[in-house]
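The file model39.cif comes next; it holds mmCIF, N, CA and C atoms.
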data_entry
loop_
_atom_site.label_atom_id
_atom_site.label_comp_id
_atom_site.auth_asym_id
_atom_site.auth_seq_id
_atom_site.Cartn_x
_atom_site.Cartn_y
_atom_site.Cartn_z
N MET A 11 14.97 -20.55 4.36
CA MET A 11 14.44 -20.76 3.02
C MET A 11 12.92 -20.71 3.03
N THR A 12 12.31 -21.30 4.08
CA THR A 12 10.86 -21.32 4.18
C THR A 12 10.32 -19.90 4.32
N LYS A 13 11.02 -19.07 5.11
CA LYS A 13 10.59 -17.68 5.27
C LYS A 13 10.63 -16.95 3.93
N CYS A 14 11.68 -17.17 3.16
CA CYS A 14 11.81 -16.54 1.84
C CYS A 14 10.69 -17.00 0.92
N ASN A 15 10.39 -18.30 0.93
CA ASN A 15 9.31 -18.82 0.09
C ASN A 15 7.97 -18.24 0.49
N SER A 16 7.73 -18.10 1.78
CA SER A 16 6.45 -17.54 2.22
C SER A 16 6.35 -16.06 1.84
N GLN A 17 7.46 -15.32 1.89
CA GLN A 17 7.45 -13.92 1.47
C GLN A 17 7.20 -13.80 -0.03
N ILE A 18 7.80 -14.69 -0.80
CA ILE A 18 7.59 -14.68 -2.24
C ILE A 18 6.14 -15.02 -2.56
N THR A 19 5.59 -16.02 -1.86
CA THR A 19 4.19 -16.38 -2.06
C THR A 19 3.28 -15.21 -1.73
N THR A 20 3.57 -14.52 -0.62
CA THR A 20 2.77 -13.37 -0.23
C THR A 20 2.86 -12.27 -1.28
N LEU A 21 4.04 -12.04 -1.81
CA LEU A 21 4.21 -11.02 -2.84
C LEU A 21 3.38 -11.36 -4.07
N PHE A 22 3.39 -12.63 -4.46
CA PHE A 22 2.58 -13.04 -5.62
C PHE A 22 1.09 -12.85 -5.35
N ILE A 23 0.67 -13.10 -4.12
CA ILE A 23 -0.74 -12.89 -3.76
C ILE A 23 -1.09 -11.42 -3.88
N ILE A 24 -0.21 -10.55 -3.37
CA ILE A 24 -0.44 -9.10 -3.47
C ILE A 24 -0.51 -8.68 -4.94
N LEU A 25 0.42 -9.17 -5.73
CA LEU A 25 0.42 -8.81 -7.15
C LEU A 25 -0.81 -9.35 -7.87
N ALA A 26 -1.26 -10.55 -7.51
CA ALA A 26 -2.47 -11.09 -8.12
C ALA A 26 -3.68 -10.25 -7.75
N LEU A 27 -3.74 -9.84 -6.49
CA LEU A 27 -4.83 -8.96 -6.08
C LEU A 27 -4.76 -7.63 -6.82
N ALA A 28 -3.57 -7.14 -6.98
CA ALA A 28 -3.40 -5.87 -7.70
C ALA A 28 -3.87 -6.01 -9.14
N CYS A 29 -3.54 -7.12 -9.77
CA CYS A 29 -3.98 -7.32 -11.14
C CYS A 29 -5.49 -7.42 -11.22
N ALA A 30 -6.12 -7.96 -10.19
CA ALA A 30 -7.57 -8.05 -10.17
C ALA A 30 -8.21 -6.70 -9.90
N VAL A 31 -7.54 -5.88 -9.10
CA VAL A 31 -8.08 -4.58 -8.71
C VAL A 31 -7.84 -3.52 -9.77
N VAL A 32 -6.64 -3.44 -10.27
CA VAL A 32 -6.25 -2.35 -11.16
C VAL A 32 -7.13 -2.24 -12.40
N PRO A 33 -7.55 -3.33 -13.06
CA PRO A 33 -8.39 -3.15 -14.23
C PRO A 33 -9.72 -2.47 -13.94
N ALA A 34 -10.16 -2.46 -12.70
CA ALA A 34 -11.42 -1.82 -12.35
C ALA A 34 -11.32 -0.30 -12.39
N PHE A 35 -10.13 0.22 -12.54
CA PHE A 35 -9.94 1.66 -12.54
C PHE A 35 -9.74 2.16 -13.95
N SER A 36 -10.10 3.40 -14.15
CA SER A 36 -9.97 3.96 -15.49
C SER A 36 -8.57 4.55 -15.68
N ILE A 37 -7.60 3.67 -15.73
CA ILE A 37 -6.22 4.05 -16.03
C ILE A 37 -5.72 3.11 -17.11
N GLU A 38 -4.73 3.52 -17.81
CA GLU A 38 -4.18 2.67 -18.85
C GLU A 38 -3.40 1.53 -18.22
N GLU A 39 -3.45 0.38 -18.87
CA GLU A 39 -2.79 -0.81 -18.36
C GLU A 39 -1.29 -0.59 -18.17
N SER A 40 -0.65 0.08 -19.10
CA SER A 40 0.79 0.31 -18.99
C SER A 40 1.11 1.20 -17.80
N GLU A 41 0.24 2.18 -17.52
CA GLU A 41 0.44 3.06 -16.36
C GLU A 41 0.32 2.26 -15.06
N ALA A 42 -0.67 1.40 -14.98
CA ALA A 42 -0.85 0.58 -13.78
C ALA A 42 0.33 -0.36 -13.58
N LYS A 43 0.78 -1.01 -14.65
CA LYS A 43 1.92 -1.92 -14.53
C LYS A 43 3.17 -1.17 -14.09
N SER A 44 3.38 0.00 -14.64
CA SER A 44 4.54 0.81 -14.27
C SER A 44 4.48 1.18 -12.79
N LEU A 45 3.29 1.56 -12.34
CA LEU A 45 3.11 1.92 -10.93
C LEU A 45 3.45 0.74 -10.03
N TRP A 46 2.89 -0.43 -10.32
CA TRP A 46 3.15 -1.60 -9.49
C TRP A 46 4.62 -1.99 -9.56
N ASP A 47 5.21 -1.97 -10.76
CA ASP A 47 6.61 -2.33 -10.89
C ASP A 47 7.52 -1.38 -10.12
N THR A 48 7.15 -0.11 -10.08
CA THR A 48 7.97 0.89 -9.42
C THR A 48 7.76 0.90 -7.91
N CYS A 49 6.54 0.78 -7.47
CA CYS A 49 6.22 0.98 -6.05
C CYS A 49 6.26 -0.28 -5.20
N VAL A 50 5.64 -1.34 -5.66
CA VAL A 50 5.50 -2.53 -4.83
C VAL A 50 6.84 -3.17 -4.51
N VAL A 51 7.80 -3.06 -5.40
CA VAL A 51 9.10 -3.69 -5.17
C VAL A 51 9.92 -2.97 -4.10
N LYS A 52 9.48 -1.80 -3.68
CA LYS A 52 10.24 -1.02 -2.70
C LYS A 52 9.98 -1.45 -1.26
N ILE A 53 8.95 -2.25 -1.04
CA ILE A 53 8.63 -2.67 0.33
C ILE A 53 8.46 -4.18 0.39
N THR A 54 8.64 -4.74 1.58
CA THR A 54 8.47 -6.18 1.75
C THR A 54 6.98 -6.52 1.69
N PRO A 55 6.67 -7.75 1.31
CA PRO A 55 5.26 -8.16 1.28
C PRO A 55 4.57 -7.99 2.63
N LYS A 56 5.27 -8.30 3.71
CA LYS A 56 4.68 -8.16 5.04
C LYS A 56 4.31 -6.71 5.32
N CYS A 57 5.20 -5.80 5.00
CA CYS A 57 4.90 -4.38 5.24
C CYS A 57 3.77 -3.89 4.33
N ALA A 58 3.74 -4.37 3.10
CA ALA A 58 2.64 -4.00 2.21
C ALA A 58 1.31 -4.42 2.81
N LEU A 59 1.25 -5.64 3.32
CA LEU A 59 0.01 -6.12 3.95
C LEU A 59 -0.30 -5.33 5.22
N ASP A 60 0.74 -5.01 5.99
CA ASP A 60 0.53 -4.23 7.22
C ASP A 60 -0.02 -2.83 6.91
N ILE A 61 0.51 -2.21 5.87
CA ILE A 61 0.05 -0.88 5.47
C ILE A 61 -1.42 -0.93 5.06
N ILE A 62 -1.78 -1.94 4.28
CA ILE A 62 -3.17 -2.10 3.86
C ILE A 62 -4.05 -2.34 5.07
N ALA A 63 -3.59 -3.15 6.02
CA ALA A 63 -4.37 -3.43 7.23
C ALA A 63 -4.56 -2.18 8.09
N VAL A 64 -3.56 -1.32 8.15
CA VAL A 64 -3.69 -0.07 8.92
C VAL A 64 -4.75 0.82 8.29
N VAL A 65 -4.72 0.95 6.99
CA VAL A 65 -5.63 1.87 6.31
C VAL A 65 -7.06 1.31 6.21
N PHE A 66 -7.19 0.03 5.89
CA PHE A 66 -8.51 -0.53 5.62
C PHE A 66 -9.09 -1.32 6.78
N GLU A 67 -8.31 -1.50 7.82
CA GLU A 67 -8.79 -2.15 9.03
C GLU A 67 -8.35 -1.25 10.19
N ASN A 68 -8.12 -1.82 11.35
CA ASN A 68 -7.66 -1.02 12.48
C ASN A 68 -6.40 -1.62 13.07
N ALA A 69 -5.46 -1.95 12.21
CA ALA A 69 -4.21 -2.57 12.64
C ALA A 69 -3.19 -1.50 13.03
N THR A 70 -2.06 -1.96 13.49
CA THR A 70 -0.94 -1.08 13.81
C THR A 70 0.22 -1.45 12.90
N ILE A 71 1.19 -0.57 12.86
CA ILE A 71 2.35 -0.79 11.97
C ILE A 71 3.63 -0.65 12.78
N SER A 72 4.61 -1.45 12.44
CA SER A 72 5.90 -1.40 13.14
C SER A 72 6.72 -0.22 12.62
N ASP A 73 7.68 0.19 13.43
CA ASP A 73 8.59 1.26 13.02
C ASP A 73 9.36 0.88 11.76
N SER A 74 9.77 -0.39 11.66
CA SER A 74 10.53 -0.80 10.47
C SER A 74 9.68 -0.70 9.21
N CYS A 75 8.40 -1.02 9.30
CA CYS A 75 7.52 -0.86 8.13
C CYS A 75 7.30 0.61 7.83
N CYS A 76 7.27 1.45 8.84
CA CYS A 76 7.17 2.89 8.60
C CYS A 76 8.36 3.38 7.79
N HIS A 77 9.54 2.90 8.14
CA HIS A 77 10.75 3.29 7.39
C HIS A 77 10.63 2.85 5.93
N GLU A 78 10.13 1.64 5.72
CA GLU A 78 9.95 1.16 4.34
C GLU A 78 8.93 2.01 3.59
N LEU A 79 7.86 2.37 4.28
CA LEU A 79 6.82 3.19 3.65
C LEU A 79 7.39 4.54 3.21
N VAL A 80 8.16 5.17 4.07
CA VAL A 80 8.74 6.47 3.73
C VAL A 80 9.73 6.32 2.58
N GLN A 81 10.49 5.23 2.56
CA GLN A 81 11.41 4.99 1.44
C GLN A 81 10.65 4.73 0.14
N GLU A 82 9.49 4.10 0.25
CA GLU A 82 8.66 3.86 -0.94
C GLU A 82 8.27 5.19 -1.57
N GLY A 83 7.96 6.16 -0.72
CA GLY A 83 7.62 7.49 -1.20
C GLY A 83 6.14 7.80 -1.11
N LYS A 84 5.84 9.08 -0.94
CA LYS A 84 4.46 9.52 -0.76
C LYS A 84 3.62 9.30 -2.01
N VAL A 85 4.18 9.53 -3.18
CA VAL A 85 3.41 9.34 -4.41
C VAL A 85 2.96 7.89 -4.55
N CYS A 86 3.87 6.96 -4.33
CA CYS A 86 3.50 5.54 -4.40
C CYS A 86 2.45 5.20 -3.36
N HIS A 87 2.68 5.61 -2.14
CA HIS A 87 1.73 5.32 -1.05
C HIS A 87 0.36 5.89 -1.37
N ASP A 88 0.30 7.16 -1.71
CA ASP A 88 -0.98 7.81 -1.99
C ASP A 88 -1.70 7.14 -3.15
N THR A 89 -0.98 6.86 -4.20
CA THR A 89 -1.59 6.31 -5.40
C THR A 89 -2.11 4.89 -5.18
N LEU A 90 -1.30 4.05 -4.55
CA LEU A 90 -1.72 2.67 -4.32
C LEU A 90 -2.94 2.60 -3.40
N ILE A 91 -2.94 3.37 -2.33
CA ILE A 91 -4.09 3.36 -1.42
C ILE A 91 -5.32 3.91 -2.12
N LYS A 92 -5.15 4.95 -2.91
CA LYS A 92 -6.27 5.52 -3.65
C LYS A 92 -6.86 4.49 -4.62
N TYR A 93 -6.01 3.74 -5.32
CA TYR A 93 -6.49 2.71 -6.23
C TYR A 93 -7.35 1.69 -5.49
N ILE A 94 -6.88 1.26 -4.33
CA ILE A 94 -7.64 0.26 -3.57
C ILE A 94 -8.94 0.88 -3.05
N ALA A 95 -8.87 2.09 -2.52
CA ALA A 95 -10.05 2.76 -1.95
C ALA A 95 -11.11 3.05 -3.00
N ASP A 96 -10.73 3.13 -4.25
CA ASP A 96 -11.69 3.41 -5.33
C ASP A 96 -12.49 2.18 -5.75
N ARG A 97 -12.22 1.03 -5.19
CA ARG A 97 -13.00 -0.17 -5.53
C ARG A 97 -14.45 0.05 -5.18
N PRO A 98 -15.35 -0.45 -6.01
CA PRO A 98 -16.78 -0.24 -5.75
C PRO A 98 -17.24 -0.64 -4.35
N THR A 99 -16.67 -1.70 -3.80
CA THR A 99 -17.08 -2.14 -2.47
C THR A 99 -16.54 -1.26 -1.35
N LEU A 100 -15.56 -0.41 -1.65
CA LEU A 100 -14.94 0.43 -0.63
C LEU A 100 -15.22 1.92 -0.82
N ILE A 101 -15.73 2.29 -1.97
CA ILE A 101 -15.85 3.71 -2.33
C ILE A 101 -16.69 4.50 -1.33
N ALA A 102 -17.66 3.88 -0.70
CA ALA A 102 -18.52 4.60 0.25
C ALA A 102 -17.74 5.14 1.43
N GLN A 103 -16.64 4.48 1.77
CA GLN A 103 -15.82 4.92 2.90
C GLN A 103 -14.48 5.49 2.45
N GLU A 104 -14.40 5.89 1.21
CA GLU A 104 -13.13 6.38 0.65
C GLU A 104 -12.55 7.54 1.45
N THR A 105 -13.37 8.49 1.87
CA THR A 105 -12.88 9.64 2.63
C THR A 105 -12.18 9.18 3.91
N GLN A 106 -12.78 8.21 4.59
CA GLN A 106 -12.18 7.68 5.81
C GLN A 106 -10.83 7.02 5.51
N TYR A 107 -10.77 6.23 4.44
CA TYR A 107 -9.52 5.55 4.09
C TYR A 107 -8.44 6.54 3.69
N LEU A 108 -8.81 7.58 2.97
CA LEU A 108 -7.82 8.57 2.56
C LEU A 108 -7.29 9.35 3.76
N LYS A 109 -8.14 9.59 4.75
CA LYS A 109 -7.67 10.25 5.99
C LYS A 109 -6.70 9.33 6.73
N LYS A 110 -7.04 8.05 6.81
CA LYS A 110 -6.15 7.09 7.47
C LYS A 110 -4.82 6.99 6.73
N ARG A 111 -4.86 7.06 5.39
CA ARG A 111 -3.64 7.06 4.58
C ARG A 111 -2.77 8.25 4.96
N TYR A 112 -3.39 9.43 5.04
CA TYR A 112 -2.70 10.67 5.40
C TYR A 112 -2.11 10.57 6.81
N ASP A 113 -2.90 10.09 7.76
CA ASP A 113 -2.43 9.95 9.15
C ASP A 113 -1.27 8.97 9.24
N LEU A 114 -1.38 7.85 8.53
CA LEU A 114 -0.30 6.86 8.54
C LEU A 114 0.98 7.46 7.97
N TRP A 115 0.87 8.16 6.86
CA TRP A 115 2.05 8.78 6.25
C TRP A 115 2.72 9.73 7.24
N ASN A 116 1.95 10.60 7.86
CA ASN A 116 2.52 11.57 8.80
C ASN A 116 3.17 10.89 9.99
N ARG A 117 2.54 9.84 10.51
CA ARG A 117 3.12 9.10 11.63
C ARG A 117 4.45 8.47 11.21
N CYS A 118 4.47 7.86 10.04
CA CYS A 118 5.69 7.19 9.58
C CYS A 118 6.82 8.19 9.29
N VAL A 119 6.48 9.32 8.75
CA VAL A 119 7.50 10.36 8.51
C VAL A 119 8.08 10.82 9.84
N SER A 120 7.23 11.01 10.84
CA SER A 120 7.74 11.46 12.14
C SER A 120 8.62 10.40 12.78
N ILE A 121 8.29 9.14 12.63
CA ILE A 121 9.12 8.05 13.15
C ILE A 121 10.44 7.99 12.41
N SER A 122 10.40 8.15 11.11
CA SER A 122 11.62 8.03 10.29
C SER A 122 12.58 9.19 10.54
N THR A 123 12.05 10.38 10.84
CA THR A 123 12.94 11.52 11.06
C THR A 123 13.53 11.53 12.45
N THR A 124 12.92 10.79 13.39
CA THR A 124 13.47 10.75 14.76
C THR A 124 14.43 9.59 14.94
N ALA A 125 14.45 8.68 13.99
CA ALA A 125 15.32 7.50 14.14
C ALA A 125 16.71 7.75 13.61
#

Show me the file's structure as structure tokens.
Amino acid sequence: MTKCNSQITTLFIILALACAVVPAFSIEESEAKSLWDTCVVKITPKCALDIIAVVFENATISDSCCHELVQEGKVCHDTLIKYIADRPTLIAQETQYLKKRYDLWNRCVSISTTA
């Protein structure tokens, strides 16, 4: 039960961060909500945090999170990472983050197709 509560808490933290981040972008509110409702629910909170850590830090990702990422889909992955990378504090390194996003996607696809 404690593990479930901590995952739910983590999910709410991710969603709160998303709500803080998304308005900074020039997209319609309904489009952003639809994106989060469609994409974020496809992966566990832990994997969502791991994916962000891989792209925006120098973390590693487990094979199981790679499977979740591929199931989430490339459009969701690309769009969510792009939204985060477009933040004013991160925009200077956006090219680097987008390359890491691309590399992560390719690695996860190769893991998912060999499993």

remark   = Separating atom N of Cys118 of chain A from atom C of Cys76 of chain A, to the nearest tenth of an Å, is a gap of 6.3 Å

task = Considering only C-alpha atoms, return as number ranges by chain whatever protein or nucleic-acid residues lie within 12 Å of Val65 of chain A, sequence-local ones (same chain, fewer than 6 positions apart) excluded.
result = A: 58-59, 71, 87-88, 90-92, 94-95, 100, 103-115

Evaluating the PyMOL selection byres (((chain A and resi 74 and name CA) around 12) and name CA) on the displayed file yields which residues, as a PDB file with N, CA and C atoms, keeping the file's coordinate frame?
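Writing done, so here's part20.pdb:
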ATOM      1  N   ILE A  53       8.950  -2.250  -1.040  1.00  0.00           N
ATOM      2  CA  ILE A  53       8.630  -2.670   0.330  1.00  0.00           C
ATOM      3  C   ILE A  53       8.460  -4.180   0.390  1.00  0.00           C
ATOM      4  N   THR A  54       8.640  -4.740   1.580  1.00  0.00           N
ATOM      5  CA  THR A  54       8.470  -6.180   1.750  1.00  0.00           C
ATOM      6  C   THR A  54       6.980  -6.520   1.690  1.00  0.00           C
ATOM      7  N   LYS A  56       5.270  -8.300   3.710  1.00  0.00           N
ATOM      8  CA  LYS A  56       4.680  -8.160   5.040  1.00  0.00           C
ATOM      9  C   LYS A  56       4.310  -6.710   5.320  1.00  0.00           C
ATOM     10  N   CYS A  57       5.200  -5.800   5.000  1.00  0.00           N
ATOM     11  CA  CYS A  57       4.900  -4.380   5.240  1.00  0.00           C
ATOM     12  C   CYS A  57       3.770  -3.890   4.330  1.00  0.00           C
ATOM     13  N   ALA A  58       3.740  -4.370   3.100  1.00  0.00           N
ATOM     14  CA  ALA A  58       2.640  -4.000   2.210  1.00  0.00           C
ATOM     15  C   ALA A  58       1.310  -4.420   2.810  1.00  0.00           C
ATOM     16  N   ASP A  60       0.740  -5.010   5.990  1.00  0.00           N
ATOM     17  CA  ASP A  60       0.530  -4.230   7.220  1.00  0.00           C
ATOM     18  C   ASP A  60      -0.020  -2.830   6.910  1.00  0.00           C
ATOM     19  N   ILE A  61       0.510  -2.210   5.870  1.00  0.00           N
ATOM     20  CA  ILE A  61       0.050  -0.880   5.470  1.00  0.00           C
ATOM     21  C   ILE A  61      -1.420  -0.930   5.060  1.00  0.00           C
ATOM     22  N   THR A  70      -2.060  -1.960  13.490  1.00  0.00           N
ATOM     23  CA  THR A  70      -0.940  -1.080  13.810  1.00  0.00           C
ATOM     24  C   THR A  70       0.220  -1.450  12.900  1.00  0.00           C
ATOM     25  N   ILE A  71       1.190  -0.570  12.860  1.00  0.00           N
ATOM     26  CA  ILE A  71       2.350  -0.790  11.970  1.00  0.00           C
ATOM     27  C   ILE A  71       3.630  -0.650  12.780  1.00  0.00           C
ATOM     28  N   SER A  72       4.610  -1.450  12.440  1.00  0.00           N
ATOM     29  CA  SER A  72       5.900  -1.400  13.140  1.00  0.00           C
ATOM     30  C   SER A  72       6.720  -0.220  12.620  1.00  0.00           C
ATOM     31  N   ASP A  73       7.680   0.190  13.430  1.00  0.00           N
ATOM     32  CA  ASP A  73       8.590   1.260  13.020  1.00  0.00           C
ATOM     33  C   ASP A  73       9.360   0.880  11.760  1.00  0.00           C
ATOM     34  N   CYS A  75       8.400  -1.020   9.300  1.00  0.00           N
ATOM     35  CA  CYS A  75       7.520  -0.860   8.130  1.00  0.00           C
ATOM     36  C   CYS A  75       7.300   0.610   7.830  1.00  0.00           C
ATOM     37  N   CYS A  76       7.270   1.450   8.840  1.00  0.00           N
ATOM     38  CA  CYS A  76       7.170   2.890   8.600  1.00  0.00           C
ATOM     39  C   CYS A  76       8.360   3.380   7.790  1.00  0.00           C
ATOM     40  N   HIS A  77       9.540   2.900   8.140  1.00  0.00           N
ATOM     41  CA  HIS A  77      10.750   3.290   7.390  1.00  0.00           C
ATOM     42  C   HIS A  77      10.630   2.850   5.930  1.00  0.00           C
ATOM     43  N   GLU A  78      10.130   1.640   5.720  1.00  0.00           N
ATOM     44  CA  GLU A  78       9.950   1.160   4.340  1.00  0.00           C
ATOM     45  C   GLU A  78       8.930   2.010   3.590  1.00  0.00           C
ATOM     46  N   LEU A  79       7.860   2.370   4.280  1.00  0.00           N
ATOM     47  CA  LEU A  79       6.820   3.190   3.650  1.00  0.00           C
ATOM     48  C   LEU A  79       7.390   4.540   3.210  1.00  0.00           C
ATOM     49  N   VAL A  80       8.160   5.170   4.070  1.00  0.00           N
ATOM     50  CA  VAL A  80       8.740   6.470   3.730  1.00  0.00           C
ATOM     51  C   VAL A  80       9.730   6.320   2.580  1.00  0.00           C
ATOM     52  N   GLN A  81      10.490   5.230   2.560  1.00  0.00           N
ATOM     53  CA  GLN A  81      11.410   4.990   1.440  1.00  0.00           C
ATOM     54  C   GLN A  81      10.650   4.730   0.140  1.00  0.00           C
ATOM     55  N   CYS A 118       4.470   7.860  10.040  1.00  0.00           N
ATOM     56  CA  CYS A 118       5.690   7.190   9.580  1.00  0.00           C
ATOM     57  C   CYS A 118       6.820   8.190   9.290  1.00  0.00           C
ATOM     58  N   VAL A 119       6.480   9.320   8.750  1.00  0.00           N
ATOM     59  CA  VAL A 119       7.500  10.360   8.510  1.00  0.00           C
ATOM     60  C   VAL A 119       8.080  10.820   9.840  1.00  0.00           C
ATOM     61  N   ILE A 121       8.290   9.140  12.630  1.00  0.00           N
ATOM     62  CA  ILE A 121       9.120   8.050  13.150  1.00  0.00           C
ATOM     63  C   ILE A 121      10.440   7.990  12.410  1.00  0.00           C
ATOM     64  N   SER A 122      10.400   8.150  11.110  1.00  0.00           N
ATOM     65  CA  SER A 122      11.620   8.030  10.290  1.00  0.00           C
ATOM     66  C   SER A 122      12.580   9.190  10.540  1.00  0.00           C
ATOM     67  N   ALA A 125      14.450   8.680  13.990  1.00  0.00           N
ATOM     68  CA  ALA A 125      15.320   7.500  14.140  1.00  0.00           C
ATOM     69  C   ALA A 125      16.710   7.750  13.610  1.00  0.00           C
TER      70      ALA A 125
END

If the box runs along x, y and z of the file and leaves 5 Å on each side of segment 58-61 of chain A, what are its centre and edge lengths in Å, one decimal, as AutoDock Vina command-line options?
--center_x 1.2 --center_y -3.5 --center_z 4.7 --size_x 15.2 --size_y 15.2 --size_z 15.0

request  = Enter the distance from atom CA of Glu67 of chain A to atom CA of Thr99 of chain A, in Å, rounded to one decimal.
outcome  =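 That distance, rounded to one decimal, is 14.2 Å.
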
ask   = atom CA of Glu82 of chain A and atom CA of Ser120 of chain A, how far apart in Å?
value =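 Between atom CA of Ser120 of chain A and atom CA of Glu82 of chain A the gap is 15.2 Å.
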
DSSP helix (DSSP H, G or I) residues within segment 35-125 of chain A, listed as a count of residues only = 72

message = Could you list, as a list in words, every residue within 10 Å of Leu45 of chain A, counting only C-alpha atoms and ignoring same-chain residues fewer than 6 positions away?
response =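 The contact residues come out as Glu39, Val85, Cys86, Thr89 and Leu90 of chain A.
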
Rebuild segment 72-79 of chain A to all heavy atoms - output it as an mmCIF file, in the coordinates of the input, please.
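Below is the file out06.cif, written as the result:
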data_model
loop_
_atom_site.group_PDB
_atom_site.id
_atom_site.type_symbol
_atom_site.label_atom_id
_atom_site.label_comp_id
_atom_site.auth_asym_id
_atom_site.auth_seq_id
_atom_site.Cartn_x
_atom_site.Cartn_y
_atom_site.Cartn_z
ATOM 1 N N SER A 72 4.610 -1.450 12.440
ATOM 2 C CA SER A 72 5.900 -1.400 13.140
ATOM 3 C C SER A 72 6.720 -0.220 12.620
ATOM 4 O O SER A 72 6.497 0.298 11.525
ATOM 5 C CB SER A 72 6.675 -2.698 12.900
ATOM 6 O OG SER A 72 7.059 -2.793 11.534
ATOM 7 N N ASP A 73 7.680 0.190 13.430
ATOM 8 C CA ASP A 73 8.590 1.260 13.020
ATOM 9 C C ASP A 73 9.360 0.880 11.760
ATOM 10 O O ASP A 73 9.573 1.721 10.883
ATOM 11 C CB ASP A 73 9.565 1.611 14.149
ATOM 12 C CG ASP A 73 8.896 2.330 15.309
ATOM 13 O OD1 ASP A 73 7.680 2.606 15.241
ATOM 14 O OD2 ASP A 73 9.600 2.617 16.298
ATOM 15 N N SER A 74 9.770 -0.390 11.660
ATOM 16 C CA SER A 74 10.530 -0.800 10.470
ATOM 17 C C SER A 74 9.680 -0.700 9.210
ATOM 18 O O SER A 74 10.186 -0.297 8.148
ATOM 19 C CB SER A 74 11.103 -2.207 10.643
ATOM 20 O OG SER A 74 10.070 -3.157 10.762
ATOM 21 N N CYS A 75 8.400 -1.020 9.300
ATOM 22 C CA CYS A 75 7.520 -0.860 8.130
ATOM 23 C C CYS A 75 7.300 0.610 7.830
ATOM 24 O O CYS A 75 7.167 0.991 6.657
ATOM 25 C CB CYS A 75 6.185 -1.569 8.350
ATOM 26 S SG CYS A 75 6.290 -3.359 8.146
ATOM 27 N N CYS A 76 7.270 1.450 8.840
ATOM 28 C CA CYS A 76 7.170 2.890 8.600
ATOM 29 C C CYS A 76 8.360 3.380 7.790
ATOM 30 O O CYS A 76 8.212 4.174 6.869
ATOM 31 C CB CYS A 76 7.081 3.657 9.926
ATOM 32 S SG CYS A 76 5.396 3.947 10.480
ATOM 33 N N HIS A 77 9.540 2.900 8.140
ATOM 34 C CA HIS A 77 10.750 3.290 7.390
ATOM 35 C C HIS A 77 10.630 2.850 5.930
ATOM 36 O O HIS A 77 10.978 3.616 5.025
ATOM 37 C CB HIS A 77 12.007 2.704 8.036
ATOM 38 C CG HIS A 77 12.322 3.280 9.376
ATOM 39 N ND1 HIS A 77 12.731 4.582 9.564
ATOM 40 C CD2 HIS A 77 12.262 2.738 10.610
ATOM 41 C CE1 HIS A 77 12.914 4.808 10.851
ATOM 42 N NE2 HIS A 77 12.637 3.704 11.508
ATOM 43 N N GLU A 78 10.130 1.640 5.720
ATOM 44 C CA GLU A 78 9.950 1.160 4.340
ATOM 45 C C GLU A 78 8.930 2.010 3.590
ATOM 46 O O GLU A 78 9.129 2.332 2.418
ATOM 47 C CB GLU A 78 9.506 -0.303 4.332
ATOM 48 C CG GLU A 78 10.605 -1.270 4.673
ATOM 49 C CD GLU A 78 10.201 -2.712 4.466
ATOM 50 O OE1 GLU A 78 9.459 -3.002 3.497
ATOM 51 O OE2 GLU A 78 10.620 -3.569 5.269
ATOM 52 N N LEU A 79 7.860 2.370 4.280
ATOM 53 C CA LEU A 79 6.820 3.190 3.650
ATOM 54 C C LEU A 79 7.390 4.540 3.210
ATOM 55 O O LEU A 79 7.156 4.982 2.081
ATOM 56 C CB LEU A 79 5.648 3.403 4.610
ATOM 57 C CG LEU A 79 4.565 4.367 4.139
ATOM 58 C CD1 LEU A 79 3.901 3.869 2.871
ATOM 59 C CD2 LEU A 79 3.530 4.561 5.235
#
